[in-house]
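**Student:** What follows is run_13.tsv, TSV, C-alpha atoms and all ligand atoms.
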chain	number	residue	atom	x	y	z
A	1148	MET	CA	8.11	22.54	-3.01
A	1149	ARG	CA	11.62	21.58	-4.18
A	1150	ASP	CA	14.54	23.63	-2.87
A	1151	LEU	CA	16.87	24.39	-5.76
A	1152	SER	CA	19.66	25.97	-3.72
A	1153	GLY	CA	22.99	24.21	-4.14
A	1154	THR	CA	21.63	21.93	-6.90
A	1155	ASN	CA	23.28	21.50	-10.31
A	1156	ILE	CA	21.01	22.67	-13.07
A	1157	LEU	CA	21.39	22.65	-16.85
A	1158	VAL	CA	19.71	25.36	-18.92
A	1159	THR	CA	19.77	24.68	-22.66
A	1160	GLY	CA	19.40	27.89	-24.64
A	1161	GLY	CA	20.38	29.68	-21.45
A	1162	ALA	CA	21.92	32.67	-23.25
A	1163	GLY	CA	18.63	33.43	-25.04
A	1164	LEU	CA	15.64	35.53	-24.08
A	1165	VAL	CA	13.80	33.16	-21.75
A	1166	GLY	CA	16.80	31.00	-20.83
A	1167	SER	CA	18.91	33.90	-19.56
A	1168	HIS	CA	16.04	35.11	-17.36
A	1169	ILE	CA	15.65	31.58	-15.96
A	1170	VAL	CA	19.38	31.67	-15.19
A	1171	ASP	CA	18.92	34.99	-13.33
A	1172	GLU	CA	16.14	33.44	-11.24
A	1173	LEU	CA	18.27	30.37	-10.53
A	1174	VAL	CA	21.10	32.58	-9.31
A	1175	ARG	CA	18.63	34.12	-6.85
A	1176	GLU	CA	17.70	30.57	-5.81
A	1177	GLY	CA	21.37	29.76	-5.10
A	1178	ALA	CA	21.67	27.02	-7.75
A	1179	LYS	CA	24.82	26.03	-9.69
A	1180	ILE	CA	24.03	26.56	-13.32
A	1181	THR	CA	25.41	25.22	-16.59
A	1182	VAL	CA	24.26	27.05	-19.70
A	1183	TYR	CA	24.34	25.05	-22.93
A	1184	ASP	CA	23.99	27.30	-25.95
A	1185	ASN	CA	25.58	27.57	-29.38
A	1186	LEU	CA	25.03	31.35	-29.28
A	1187	ILE	CA	23.34	31.34	-32.68
A	1188	ARG	CA	20.83	33.73	-31.22
A	1189	GLY	CA	21.73	34.00	-27.56
A	1190	ARG	CA	24.45	36.38	-26.42
A	1191	GLU	CA	27.10	36.03	-23.77
A	1192	GLU	CA	26.30	39.52	-22.48
A	1193	HIS	CA	22.87	38.21	-21.43
A	1194	LEU	CA	24.77	36.28	-18.77
A	1195	ASP	CA	26.83	39.22	-17.49
A	1196	TRP	CA	24.66	39.81	-14.43
A	1197	SER	CA	24.22	36.13	-13.55
A	1198	ARG	CA	27.89	35.33	-14.03
A	1199	SER	CA	29.04	38.12	-11.78
A	1200	ASN	CA	26.44	37.33	-9.12
A	1201	GLY	CA	26.25	33.55	-9.16
A	1202	ASN	CA	27.75	30.24	-10.11
A	1203	VAL	CA	27.26	30.05	-13.88
A	1204	THR	CA	29.27	28.12	-16.49
A	1205	LEU	CA	28.71	28.54	-20.21
A	1206	ILE	CA	29.24	25.61	-22.57
A	1207	GLN	CA	29.17	26.89	-26.13
A	1208	ALA	CA	27.96	23.87	-28.06
A	1209	ASP	CA	25.16	22.72	-30.33
A	1210	LEU	CA	22.16	20.64	-29.34
A	1211	ARG	CA	23.07	18.35	-32.25
A	1212	ASP	CA	26.47	17.59	-30.69
A	1213	ARG	CA	25.35	14.49	-28.78
A	1214	GLU	CA	28.59	13.86	-26.89
A	1215	SER	CA	28.88	17.43	-25.60
A	1216	LEU	CA	25.22	17.37	-24.66
A	1217	ARG	CA	25.60	14.16	-22.66
A	1218	ALA	CA	28.69	15.52	-20.91
A	1219	ALA	CA	26.70	18.64	-19.95
A	1220	VAL	CA	23.78	16.63	-18.55
A	1221	GLU	CA	26.00	14.32	-16.49
A	1222	GLY	CA	26.23	15.53	-12.91
A	1223	CYS	CA	23.08	17.67	-13.07
A	1224	GLU	CA	19.85	17.06	-11.17
A	1225	TYR	CA	17.43	19.30	-13.07
A	1226	VAL	CA	17.13	20.57	-16.64
A	1227	PHE	CA	15.39	23.57	-18.18
A	1228	HIS	CA	15.15	23.08	-21.95
A	1229	GLN	CA	14.89	26.28	-23.99
A	1230	ALA	CA	17.21	25.76	-26.97
A	1231	ALA	CA	15.36	25.52	-30.27
A	1232	SER	CA	15.40	26.76	-33.82
A	1233	TRP	CA	12.89	29.55	-34.02
A	1234	LEU	CA	9.69	29.73	-35.98
A	1235	ARG	CA	10.89	31.62	-39.03
A	1236	GLN	CA	14.14	29.68	-39.21
A	1237	CYS	CA	12.18	26.40	-39.25
A	1238	GLN	CA	10.01	27.75	-42.06
A	1239	ARG	CA	13.08	28.78	-44.05
A	1240	GLU	CA	14.94	25.53	-43.37
A	1241	PRO	CA	12.46	22.83	-42.28
A	1242	ARG	CA	15.13	20.19	-41.66
A	1243	LEU	CA	16.34	22.27	-38.72
A	1244	SER	CA	13.04	21.66	-36.97
A	1245	LEU	CA	13.77	17.93	-37.32
A	1246	ASP	CA	17.50	17.93	-36.50
A	1247	VAL	CA	17.64	20.58	-33.78
A	1248	ASN	CA	14.19	20.68	-32.24
A	1249	ILE	CA	13.12	17.06	-32.51
A	1250	THR	CA	16.31	14.96	-32.59
A	1251	GLY	CA	18.19	17.37	-30.31
A	1252	THR	CA	15.38	17.18	-27.75
A	1253	PHE	CA	15.20	13.39	-28.07
A	1254	ASP	CA	18.95	13.14	-27.40
A	1255	LEU	CA	18.55	15.41	-24.40
A	1256	LEU	CA	15.73	13.26	-22.99
A	1257	GLU	CA	17.81	10.10	-23.45
A	1258	ALA	CA	20.70	11.72	-21.59
A	1259	CYS	CA	18.30	12.84	-18.83
A	1260	VAL	CA	17.23	9.22	-18.33
A	1261	ASP	CA	20.78	7.86	-18.51
A	1262	PHE	CA	22.10	10.35	-15.95
A	1263	GLY	CA	19.13	10.24	-13.55
A	1264	ILE	CA	17.73	13.75	-14.04
A	1265	LYS	CA	14.94	14.27	-11.51
A	1266	LYS	CA	12.83	16.60	-13.64
A	1267	ILE	CA	12.89	18.56	-16.88
A	1268	VAL	CA	10.89	21.73	-17.52
A	1269	ALA	CA	10.70	22.29	-21.25
A	1270	ALA	CA	9.57	25.13	-23.51
A	1271	SER	CA	6.69	24.16	-25.74
A	1272	SER	CA	4.65	26.78	-27.56
A	1273	SER	CA	1.16	28.00	-28.27
A	1274	SER	CA	2.11	27.21	-31.88
A	1275	VAL	CA	0.89	23.67	-31.15
A	1276	TYR	CA	-2.66	25.10	-31.29
A	1277	GLY	CA	-2.23	26.74	-34.70
A	1278	GLU	CA	-5.05	29.14	-35.41
A	1279	GLY	CA	-7.43	29.04	-32.45
A	1280	LEU	CA	-10.65	27.15	-33.17
A	1281	TYR	CA	-11.99	28.82	-30.03
A	1282	LEU	CA	-10.57	31.47	-27.76
A	1283	PRO	CA	-9.01	31.71	-25.32
A	1284	THR	CA	-7.13	28.50	-26.20
A	1285	ASP	CA	-6.91	26.20	-23.22
A	1286	GLU	CA	-4.71	23.11	-22.96
A	1287	ASP	CA	-7.48	20.87	-24.37
A	1288	HIS	CA	-7.50	22.78	-27.66
A	1289	PRO	CA	-6.63	20.44	-30.59
A	1290	PHE	CA	-3.33	20.60	-32.46
A	1291	ASN	CA	-4.47	22.78	-35.34
A	1292	ASN	CA	-0.89	23.52	-36.37
A	1293	ASP	CA	0.37	23.50	-39.97
A	1294	ILE	CA	3.93	24.85	-39.71
A	1295	PHE	CA	7.21	22.97	-39.19
A	1296	TYR	CA	8.09	24.73	-35.94
A	1297	GLY	CA	4.73	23.80	-34.41
A	1298	ALA	CA	5.13	20.24	-35.66
A	1299	SER	CA	8.46	19.99	-33.83
A	1300	LYS	CA	6.91	21.24	-30.59
A	1301	ILE	CA	4.03	18.75	-30.90
A	1302	THR	CA	6.50	15.90	-31.54
A	1303	ASN	CA	8.53	16.95	-28.52
A	1304	GLU	CA	5.40	16.99	-26.37
A	1305	GLN	CA	4.68	13.43	-27.43
A	1306	HIS	CA	8.24	12.43	-26.58
A	1307	TYR	CA	8.03	14.01	-23.11
A	1308	ARG	CA	4.98	11.85	-22.49
A	1309	CYS	CA	6.71	8.69	-23.80
A	1310	PHE	CA	9.87	9.24	-21.73
A	1311	TYR	CA	7.70	9.78	-18.65
A	1312	LYS	CA	5.62	6.67	-19.29
A	1313	GLN	CA	8.50	4.38	-20.18
A	1314	PHE	CA	11.33	5.71	-18.00
A	1315	GLY	CA	9.59	7.81	-15.33
A	1316	LEU	CA	11.30	11.04	-16.42
A	1317	ASN	CA	9.29	13.82	-14.72
A	1318	TYR	CA	8.47	16.78	-16.91
A	1319	VAL	CA	6.35	19.88	-17.23
A	1320	GLY	CA	5.90	21.32	-20.73
A	1321	LEU	CA	5.16	25.03	-20.82
A	1322	ARG	CA	3.27	26.37	-23.81
A	1323	TYR	CA	4.41	29.98	-23.97
A	1324	LEU	CA	2.22	32.54	-25.67
A	1325	ASN	CA	4.02	35.65	-27.02
A	1326	VAL	CA	7.05	36.30	-24.83
A	1327	TYR	CA	8.52	39.81	-24.82
A	1328	GLY	CA	11.07	41.69	-22.77
A	1329	PRO	CA	14.64	42.91	-22.51
A	1330	ARG	CA	17.16	40.72	-24.40
A	1331	GLN	CA	14.60	39.72	-27.00
A	1332	PRO	CA	16.17	39.11	-30.38
A	1333	TYR	CA	15.49	41.67	-33.04
A	1334	GLU	CA	13.93	39.15	-35.43
A	1335	ALA	CA	11.57	37.02	-33.35
A	1336	ALA	CA	8.27	36.05	-34.95
A	1337	TYR	CA	5.47	38.30	-33.63
A	1338	MET	CA	7.75	40.04	-31.23
A	1339	ASP	CA	9.93	41.66	-33.83
A	1340	VAL	CA	6.99	44.02	-34.24
A	1341	ILE	CA	7.98	45.58	-30.93
A	1342	MET	CA	11.57	46.14	-32.06
A	1343	ASN	CA	10.56	47.24	-35.55
A	1344	PHE	CA	8.03	49.69	-34.14
A	1345	LEU	CA	10.58	51.09	-31.69
A	1346	ASN	CA	13.31	51.35	-34.34
A	1347	ARG	CA	10.97	53.39	-36.49
A	1348	ILE	CA	9.66	55.49	-33.62
A	1349	ASP	CA	13.26	56.30	-32.57
A	1350	ALA	CA	13.97	57.36	-36.16
A	1351	GLY	CA	10.90	59.63	-36.08
A	1352	GLU	CA	9.02	57.36	-38.49
A	1353	PRO	CA	5.53	55.90	-37.95
A	1354	PRO	CA	5.26	52.22	-36.89
A	1355	GLN	CA	4.56	49.97	-39.87
A	1356	LEU	CA	1.84	47.37	-39.19
A	1357	ARG	CA	1.44	44.11	-41.08
A	1358	GLY	CA	-2.11	43.54	-42.22
A	1359	ASP	CA	-4.81	45.86	-40.90
A	1360	GLY	CA	-3.51	45.80	-37.33
A	1361	SER	CA	-6.36	43.64	-36.05
A	1362	ALA	CA	-4.19	40.54	-35.51
A	1363	THR	CA	-3.82	39.87	-31.82
A	1364	VAL	CA	-1.12	38.65	-29.46
A	1365	ASP	CA	-1.13	37.45	-25.87
A	1366	LEU	CA	1.92	39.23	-24.51
A	1367	VAL	CA	3.62	37.70	-21.51
A	1368	PHE	CA	6.62	39.41	-19.94
A	1369	VAL	CA	9.83	37.39	-19.95
A	1370	ALA	CA	10.54	37.68	-16.21
A	1371	ASP	CA	7.07	36.24	-15.58
A	1372	VAL	CA	7.85	33.37	-17.97
A	1373	ALA	CA	11.06	32.67	-16.05
A	1374	LYS	CA	9.05	32.57	-12.81
A	1375	ALA	CA	6.60	30.10	-14.38
A	1376	ASN	CA	9.57	27.84	-15.14
A	1377	ILE	CA	10.82	27.98	-11.55
A	1378	LEU	CA	7.33	27.32	-10.18
A	1379	ALA	CA	6.92	24.36	-12.53
A	1380	MET	CA	10.26	22.92	-11.44
A	1381	LYS	CA	9.64	23.41	-7.71
A	1382	SER	CA	6.12	22.00	-7.78
A	1383	ASP	CA	5.23	18.31	-7.71
A	1384	ALA	CA	3.42	18.71	-11.06
A	1385	THR	CA	4.54	16.21	-13.69
A	1386	ASP	CA	3.36	14.76	-17.00
A	1387	ILE	CA	1.45	17.92	-17.84
A	1388	PHE	CA	1.37	20.82	-20.33
A	1389	LEU	CA	0.48	24.32	-19.19
A	1390	ASN	CA	-0.08	27.60	-21.00
A	1391	VAL	CA	2.11	30.49	-19.93
A	1392	ALA	CA	-0.19	33.32	-20.94
A	1393	SER	CA	-1.24	36.75	-19.78
A	1394	GLY	CA	-4.82	35.79	-20.62
A	1395	ARG	CA	-5.26	39.13	-22.43
A	1396	GLU	CA	-5.53	39.78	-26.14
A	1397	THR	CA	-3.82	42.86	-27.57
A	1398	THR	CA	-4.22	43.94	-31.20
A	1399	ILE	CA	-1.08	44.88	-33.09
A	1400	LYS	CA	-2.59	48.31	-33.61
A	1401	GLU	CA	-3.13	48.77	-29.86
A	1402	LEU	CA	0.45	47.67	-29.30
A	1403	ALA	CA	1.77	50.21	-31.84
A	1404	LEU	CA	-0.25	53.04	-30.30
A	1405	LEU	CA	0.87	52.10	-26.78
A	1406	LEU	CA	4.54	52.08	-27.86
A	1407	VAL	CA	4.15	55.47	-29.54
A	1408	LYS	CA	2.67	56.80	-26.30
A	1409	LEU	CA	5.32	55.24	-24.05
A	1410	ALA	CA	8.06	56.63	-26.29
A	1411	GLY	CA	6.55	60.11	-25.82
A	1412	MET	CA	5.45	60.52	-29.46
A	1413	GLU	CA	1.66	60.44	-28.98
A	1414	GLY	CA	-0.21	62.44	-31.62
A	1415	ARG	CA	2.95	62.87	-33.69
A	1416	LEU	CA	3.19	59.40	-35.30
A	1417	GLU	CA	0.28	57.46	-36.83
A	1418	PRO	CA	0.77	53.76	-37.72
A	1419	VAL	CA	0.99	52.85	-41.43
A	1420	PHE	CA	-0.01	49.49	-42.92
A	1421	SER	CA	1.82	46.86	-45.03
A	1422	PRO	CA	0.91	43.30	-46.22
A	1423	MET	CA	0.45	40.55	-43.62
A	1424	ASP	CA	3.29	38.09	-42.98
A	1425	ASP	CA	2.78	34.42	-43.86
A	1426	GLY	CA	2.81	31.81	-41.15
A	1427	LEU	CA	1.52	34.00	-38.35
A	1428	VAL	CA	-1.87	33.33	-36.85
A	1429	ALA	CA	-4.58	35.99	-36.79
A	1430	ARG	CA	-5.34	35.76	-33.09
A	1431	ARG	CA	-3.48	34.62	-30.01
A	1432	TRP	CA	-5.20	34.50	-26.68
A	1433	GLY	CA	-4.37	31.81	-24.16
A	1434	SER	CA	-6.19	30.69	-21.06
A	1435	PRO	CA	-3.99	31.09	-17.96
A	1436	ARG	CA	-6.39	29.15	-15.73
A	1437	LYS	CA	-4.70	25.75	-15.57
A	1438	ALA	CA	-1.23	27.15	-14.81
A	1439	ARG	CA	-2.77	29.23	-12.03
A	1440	GLU	CA	-4.47	26.17	-10.55
A	1441	VAL	CA	-1.60	23.71	-10.93
A	1442	ILE	CA	1.55	25.76	-10.20
A	1443	GLY	CA	0.11	29.05	-8.90
A	1444	PHE	CA	1.43	31.08	-11.85
A	1445	GLU	CA	0.13	34.60	-12.59
A	1446	ALA	CA	1.59	36.83	-15.29
A	1447	ALA	CA	1.97	39.79	-12.95
A	1448	THR	CA	3.63	42.45	-15.13
A	1449	PRO	CA	1.26	45.00	-16.72
A	1450	LEU	CA	1.88	45.43	-20.47
A	1451	ALA	CA	2.84	49.11	-20.26
A	1452	ASP	CA	5.40	48.34	-17.52
A	1453	GLY	CA	6.93	45.49	-19.52
A	1454	LEU	CA	7.15	47.59	-22.67
A	1455	MET	CA	8.80	50.41	-20.71
A	1456	ARG	CA	11.40	47.89	-19.57
A	1457	ILE	CA	12.21	47.18	-23.23
A	1458	ILE	CA	12.44	50.88	-24.05
A	1459	GLU	CA	14.79	51.43	-21.10
A	1460	TRP	CA	16.86	48.37	-21.99
A	1461	ARG	CA	17.31	49.60	-25.55
A	1462	ARG	CA	18.56	52.92	-24.19
A	1463	THR	CA	21.11	51.34	-21.84
A	1464	ARG	CA	21.99	48.25	-23.87
A	1465	GLY	CA	25.67	47.72	-24.35
A	1466	ARG	CA	26.54	48.56	-20.75
A	1467	ALA	CA	27.76	45.29	-19.29
A	1468	GLY	CA	26.36	43.62	-16.22
A	1469	LEU	CA	23.01	45.35	-16.03
A	1470	PRO	CA	20.67	43.61	-13.60
A	1471	LEU	CA	17.16	43.38	-15.03
B	1	LIG	N1	9.75	33.90	-27.48
B	1	LIG	C1	8.53	33.43	-27.65
B	1	LIG	O1	7.57	34.19	-27.87
B	1	LIG	C2	8.28	31.95	-27.58
B	1	LIG	C3	6.95	31.51	-27.69
B	1	LIG	C4	6.69	30.14	-27.60
B	1	LIG	C5	7.73	29.26	-27.40
B	1	LIG	N2	9.01	29.70	-27.32
B	1	LIG	C6	10.06	28.70	-27.09
B	1	LIG	O2	10.75	29.07	-25.91
B	1	LIG	C7	12.12	28.71	-25.99
B	1	LIG	C8	12.97	29.92	-25.69
B	1	LIG	O3	12.65	30.92	-26.62
B	1	LIG	P1	13.36	32.32	-26.63
B	1	LIG	O4	12.36	33.33	-27.02
B	1	LIG	O5	14.14	32.50	-25.38
B	1	LIG	O6	14.33	32.12	-27.87
B	1	LIG	P2	15.84	32.56	-28.09
B	1	LIG	O7	16.12	32.36	-29.52
B	1	LIG	O8	16.10	33.88	-27.46
B	1	LIG	O9	16.61	31.45	-27.22
B	1	LIG	C9	16.93	30.18	-27.71
B	1	LIG	C10	18.38	29.92	-27.39
B	1	LIG	O10	18.73	28.64	-27.91
B	1	LIG	C11	19.97	28.74	-28.57
B	1	LIG	N3	20.00	27.74	-29.63
B	1	LIG	C12	19.31	27.74	-30.78
B	1	LIG	N4	19.63	26.66	-31.52
B	1	LIG	C13	20.55	25.96	-30.81
B	1	LIG	C14	21.27	24.78	-31.04
B	1	LIG	N5	21.14	24.09	-32.19
B	1	LIG	N6	22.14	24.36	-30.10
B	1	LIG	C15	22.32	25.05	-28.95
B	1	LIG	N7	21.66	26.20	-28.67
B	1	LIG	C16	20.78	26.65	-29.59
B	1	LIG	C17	20.03	30.16	-29.10
B	1	LIG	O11	21.36	30.62	-29.29
B	1	LIG	C18	19.31	30.93	-28.02
B	1	LIG	O12	20.20	31.43	-27.04
B	1	LIG	C19	12.31	28.10	-27.37
B	1	LIG	O13	12.23	26.70	-27.25
B	1	LIG	C20	11.13	28.64	-28.15
B	1	LIG	O14	10.77	27.77	-29.20
B	1	LIG	C21	9.31	31.03	-27.39
Once you've parsed the file, please lay out its structure as structure tokens.
Ligand SMILES: NC(=O)c1ccc[n+]([C@@H]2O[C@H](COP(=O)([O-])OP(=O)(O)OC[C@H]3O[C@@H](n4cnc5c(N)ncnc54)[C@H](O)[C@@H]3O)[C@@H](O)[C@H]2O)c1

**Tutor:**
Amino acid sequence: MRDLSGTNILVTGGAGLVGSHIVDELVREGAKITVYDNLIRGREEHLDWSRSNGNVTLIQADLRDRESLRAAVEGCEYVFHQAASWLRQCQREPRLSLDVNITGTFDLLEACVDFGIKKIVAASSSSVYGEGLYLPTDEDHPFNNDIFYGASKITNEQHYRCFYKQFGLNYVGLRYLNVYGPRQPYEAAYMDVIMNFLNRIDAGEPPQLRGDGSATVDLVFVADVAKANILAMKSDATDIFLNVASGRETTIKELALLLVKLAGMEGRLEPVFSPMDDGLVARRWGSPRKAREVIGFEAATPLADGLMRIIEWRRTRGRAGLPL
């Protein structure tokens, strides 16, 4: 197991949902952290706790700014790569998936080789699987993807393999299922349902479901995802892709009913239905087996507990420096 204390670590996208929780974990590990984020979606306040409790520097710059990126990589030993254009943004503006996700990642990998990075742990996505041809999707499932965002993640996976083979750059690629938790953006694909449901519940309105509510998600709590990243970095695992999944399928309708209950509105609000969104798969359910075997990862947080953490965060949001 690698000891990360005292090491210099770069976290791209470190002001975002997953990245900022990785930064929190790294503070607990005693690392020196550089966050590289253009703050298009991340927020400085997500770093309030880590900045006041650890050694954290924020570089506000774009992944497409090659010189700034190289300067940020220089002097680091390890890299966590989270920055990316998100699913809906890539669908709206496909060239972003090429320029930010693919070229930006390629530039990062080149810099990692040039500056002797020992290992990179990078965010991939269950989007590489597209609609599951069988469930739960394990890491051998084919790339059944047909959206730009998924294409960028598949391309990146291929590049991680090439940089490992040709230059010996160690990597672990983590295919996240549906990440949720405090600090999640209000318009994340899939997960905006949680925020939309809660916004409506708070306004005394029923949650509005897309489709008939039978679509499913595999919800994995963000602090667990951050732990998977740390485990992947500390382990000797390399040249491998692993699901980061709860291993449980939840229908959108179950999710809506659970949120109504947790918000104390049970029996008073019944979900209503609206047309299904394009680009979202009907079922998500990932196999957590390989990650358990290879890096000892378990998604430990029960769904109701994780959702309560979001409800509490929404109530206290705006107060600076909240530890999570
Ligand atoms: N959230 C999920 O459910 C989920 C699922 C699968 C994969 N992923 C992947 O995990 C990673 C982290 O996701 P997240 O949920 O934390 O997203 P997020 O949007 O909260 O975080 C991404 C961060 O990257 C930054 N960023 C975006 N474009 C950038 C650019 N051009 N230059 C510099 N910084 C930029 C954003 O400001 C943000 O802080 C992403 O690579 C995402 O594709 C997320």

**Student:** Using only C-alpha atoms, determine which residues lie at most 7 Å from Ala1403 of chain A, disregarding the query and same-chain residues fewer than 5 positions distant; provide the list as JSON, numbers by chain.

**Tutor:** {"A": [1344, 1354, 1418]}

**Student:** Residues within 8 Å of ligand LIG 1 (chain B), counting all atoms listed in the file: report them as a PDB file with C-alpha atoms, in the coordinates of the input.

**Tutor:**
ATOM      1  CA  THR A1159      19.770  24.680 -22.660  1.00  0.00           C
ATOM      2  CA  GLY A1160      19.400  27.890 -24.640  1.00  0.00           C
ATOM      3  CA  GLY A1161      20.380  29.680 -21.450  1.00  0.00           C
ATOM      4  CA  ALA A1162      21.920  32.670 -23.250  1.00  0.00           C
ATOM      5  CA  GLY A1163      18.630  33.430 -25.040  1.00  0.00           C
ATOM      6  CA  LEU A1164      15.640  35.530 -24.080  1.00  0.00           C
ATOM      7  CA  VAL A1165      13.800  33.160 -21.750  1.00  0.00           C
ATOM      8  CA  GLY A1166      16.800  31.000 -20.830  1.00  0.00           C
ATOM      9  CA  SER A1167      18.910  33.900 -19.560  1.00  0.00           C
ATOM     10  CA  TYR A1183      24.340  25.050 -22.930  1.00  0.00           C
ATOM     11  CA  ASP A1184      23.990  27.300 -25.950  1.00  0.00           C
ATOM     12  CA  ASN A1185      25.580  27.570 -29.380  1.00  0.00           C
ATOM     13  CA  LEU A1186      25.030  31.350 -29.280  1.00  0.00           C
ATOM     14  CA  ILE A1187      23.340  31.340 -32.680  1.00  0.00           C
ATOM     15  CA  ARG A1188      20.830  33.730 -31.220  1.00  0.00           C
ATOM     16  CA  GLY A1189      21.730  34.000 -27.560  1.00  0.00           C
ATOM     17  CA  ARG A1190      24.450  36.380 -26.420  1.00  0.00           C
ATOM     18  CA  GLN A1207      29.170  26.890 -26.130  1.00  0.00           C
ATOM     19  CA  ALA A1208      27.960  23.870 -28.060  1.00  0.00           C
ATOM     20  CA  ASP A1209      25.160  22.720 -30.330  1.00  0.00           C
ATOM     21  CA  LEU A1210      22.160  20.640 -29.340  1.00  0.00           C
ATOM     22  CA  ARG A1211      23.070  18.350 -32.250  1.00  0.00           C
ATOM     23  CA  HIS A1228      15.150  23.080 -21.950  1.00  0.00           C
ATOM     24  CA  GLN A1229      14.890  26.280 -23.990  1.00  0.00           C
ATOM     25  CA  ALA A1230      17.210  25.760 -26.970  1.00  0.00           C
ATOM     26  CA  ALA A1231      15.360  25.520 -30.270  1.00  0.00           C
ATOM     27  CA  SER A1232      15.400  26.760 -33.820  1.00  0.00           C
ATOM     28  CA  TRP A1233      12.890  29.550 -34.020  1.00  0.00           C
ATOM     29  CA  LEU A1234       9.690  29.730 -35.980  1.00  0.00           C
ATOM     30  CA  VAL A1247      17.640  20.580 -33.780  1.00  0.00           C
ATOM     31  CA  ASN A1248      14.190  20.680 -32.240  1.00  0.00           C
ATOM     32  CA  GLY A1251      18.190  17.370 -30.310  1.00  0.00           C
ATOM     33  CA  ALA A1269      10.700  22.290 -21.250  1.00  0.00           C
ATOM     34  CA  ALA A1270       9.570  25.130 -23.510  1.00  0.00           C
ATOM     35  CA  SER A1271       6.690  24.160 -25.740  1.00  0.00           C
ATOM     36  CA  SER A1272       4.650  26.780 -27.560  1.00  0.00           C
ATOM     37  CA  SER A1273       1.160  28.000 -28.270  1.00  0.00           C
ATOM     38  CA  SER A1274       2.110  27.210 -31.880  1.00  0.00           C
ATOM     39  CA  TYR A1296       8.090  24.730 -35.940  1.00  0.00           C
ATOM     40  CA  LYS A1300       6.910  21.240 -30.590  1.00  0.00           C
ATOM     41  CA  ARG A1322       3.270  26.370 -23.810  1.00  0.00           C
ATOM     42  CA  TYR A1323       4.410  29.980 -23.970  1.00  0.00           C
ATOM     43  CA  LEU A1324       2.220  32.540 -25.670  1.00  0.00           C
ATOM     44  CA  ASN A1325       4.020  35.650 -27.020  1.00  0.00           C
ATOM     45  CA  VAL A1326       7.050  36.300 -24.830  1.00  0.00           C
ATOM     46  CA  TYR A1327       8.520  39.810 -24.820  1.00  0.00           C
ATOM     47  CA  ARG A1330      17.160  40.720 -24.400  1.00  0.00           C
ATOM     48  CA  GLN A1331      14.600  39.720 -27.000  1.00  0.00           C
ATOM     49  CA  PRO A1332      16.170  39.110 -30.380  1.00  0.00           C
ATOM     50  CA  ALA A1335      11.570  37.020 -33.350  1.00  0.00           C
ATOM     51  CA  ALA A1336       8.270  36.050 -34.950  1.00  0.00           C
ATOM     52  CA  TYR A1337       5.470  38.300 -33.630  1.00  0.00           C
ATOM     53  CA  MET A1338       7.750  40.040 -31.230  1.00  0.00           C
TER      54      MET A1338
END

**Student:** For Thr1398 of chain A, work out the shell of residues within 6 Å, counting all atoms listed in the file and skipping chain neighbours fewer than 6 positions away, then give it as a ChimeraX atom specification.

**Tutor:** /A:1361-1363

**Student:** May I have the residues from that selection written out with C-alpha atoms, as a PDB file, in the frame of the given file?

**Tutor:**
ATOM      1  CA  SER A1361      -6.360  43.640 -36.050  1.00  0.00           C
ATOM      2  CA  ALA A1362      -4.190  40.540 -35.510  1.00  0.00           C
ATOM      3  CA  THR A1363      -3.820  39.870 -31.820  1.00  0.00           C
TER       4      THR A1363
END

**Student:** Got a sec: who's within 9 Å of segment 1410-1413 of chain A, counting only C-alpha atoms, leaving out chain neighbours fewer than 4 positions off, as a ChimeraX atom specification?

**Tutor:** /A:1345,1348-1349,1351,1404-1406,1417,1455,1458

**Student:** Please return, as a PyMOL selection string, all polymer residues that have at least one atom within 12 Å of the point (22.4, 40.9, -18.3); use only C-alpha atoms and the file's own coordinate frame.

**Tutor:** chain A and resi 1161-1164+1166-1171+1189-1200+1329-1331+1460+1463-1471

**Student:** Which residue out of A:Leu1389, A:Leu1255, A:Asp1383, A:Phe1368 has the minimum interatomic distance to Gly1320 of chain A when all atoms listed in the file are used?

**Tutor:**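 With all atoms listed in the file as the atom set, the closest residue is A:Leu1389.
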
**Student:** When you draw a straight line from atom CA of Phe1290 of chain A to atom CA of Gly1277 of chain A, how long is it in Å?

**Tutor:**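 Going from atom CA of Phe1290 of chain A over to atom CA of Gly1277 of chain A, I get 6.6 Å.
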
**Student:** In Å, rounded to a single decimal, give me how far atom CA of Phe1227 of chain A is from atom CA of Gly1394 of chain A.

**Tutor:**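 Distance between the two atoms: 23.7 Å.
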
**Student:** Rank nothing, just name the residue among A:Leu1316, A:Ile1180, A:Ile1301, A:Ala1370 nearest to Gly1328 of chain A, using all atoms listed in the file.

**Tutor:**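 Answer, going by the shortest atom-to-atom distance: A:Ala1370.
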
**Student:** In Å, how far is it from atom CA of Leu1356 of chain A to atom CA of Phe1420 of chain A?

**Tutor:** 4.7 Å

**Student:** Skip segment 1374-1381 of chain A itself and residues of its chain fewer than 2 positions away, then list as a ChimeraX atom specification all residues within 7 Å of it, counting all atoms listed in the file.

**Tutor:** /A:1148-1150,1268,1319,1370-1372,1383-1384,1442,1444

**Student:** If you take every atom of segment 1366-1381 of chain A that the file lists and fit an axis-aligned box around them with 3 Å extra on each side, what centre and edge lengths come out in Å to one decimal, as lines of an AutoDock Vina configuration file?

**Tutor:**
center_x = 6.5
center_y = 31.2
center_z = -16.1
size_x = 15.1
size_y = 22.5
size_z = 22.8

**Student:** Tell me which protein, DNA and RNA residues are within 8 Å of Lys1437 of chain A, counting all atoms listed in the file, leaving out same-chain ones fewer than 5 positions away, and put them as a list in words.

**Tutor:**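 The residues satisfying every condition are Asp1285, Glu1286, Leu1389 and Asn1390 of chain A.
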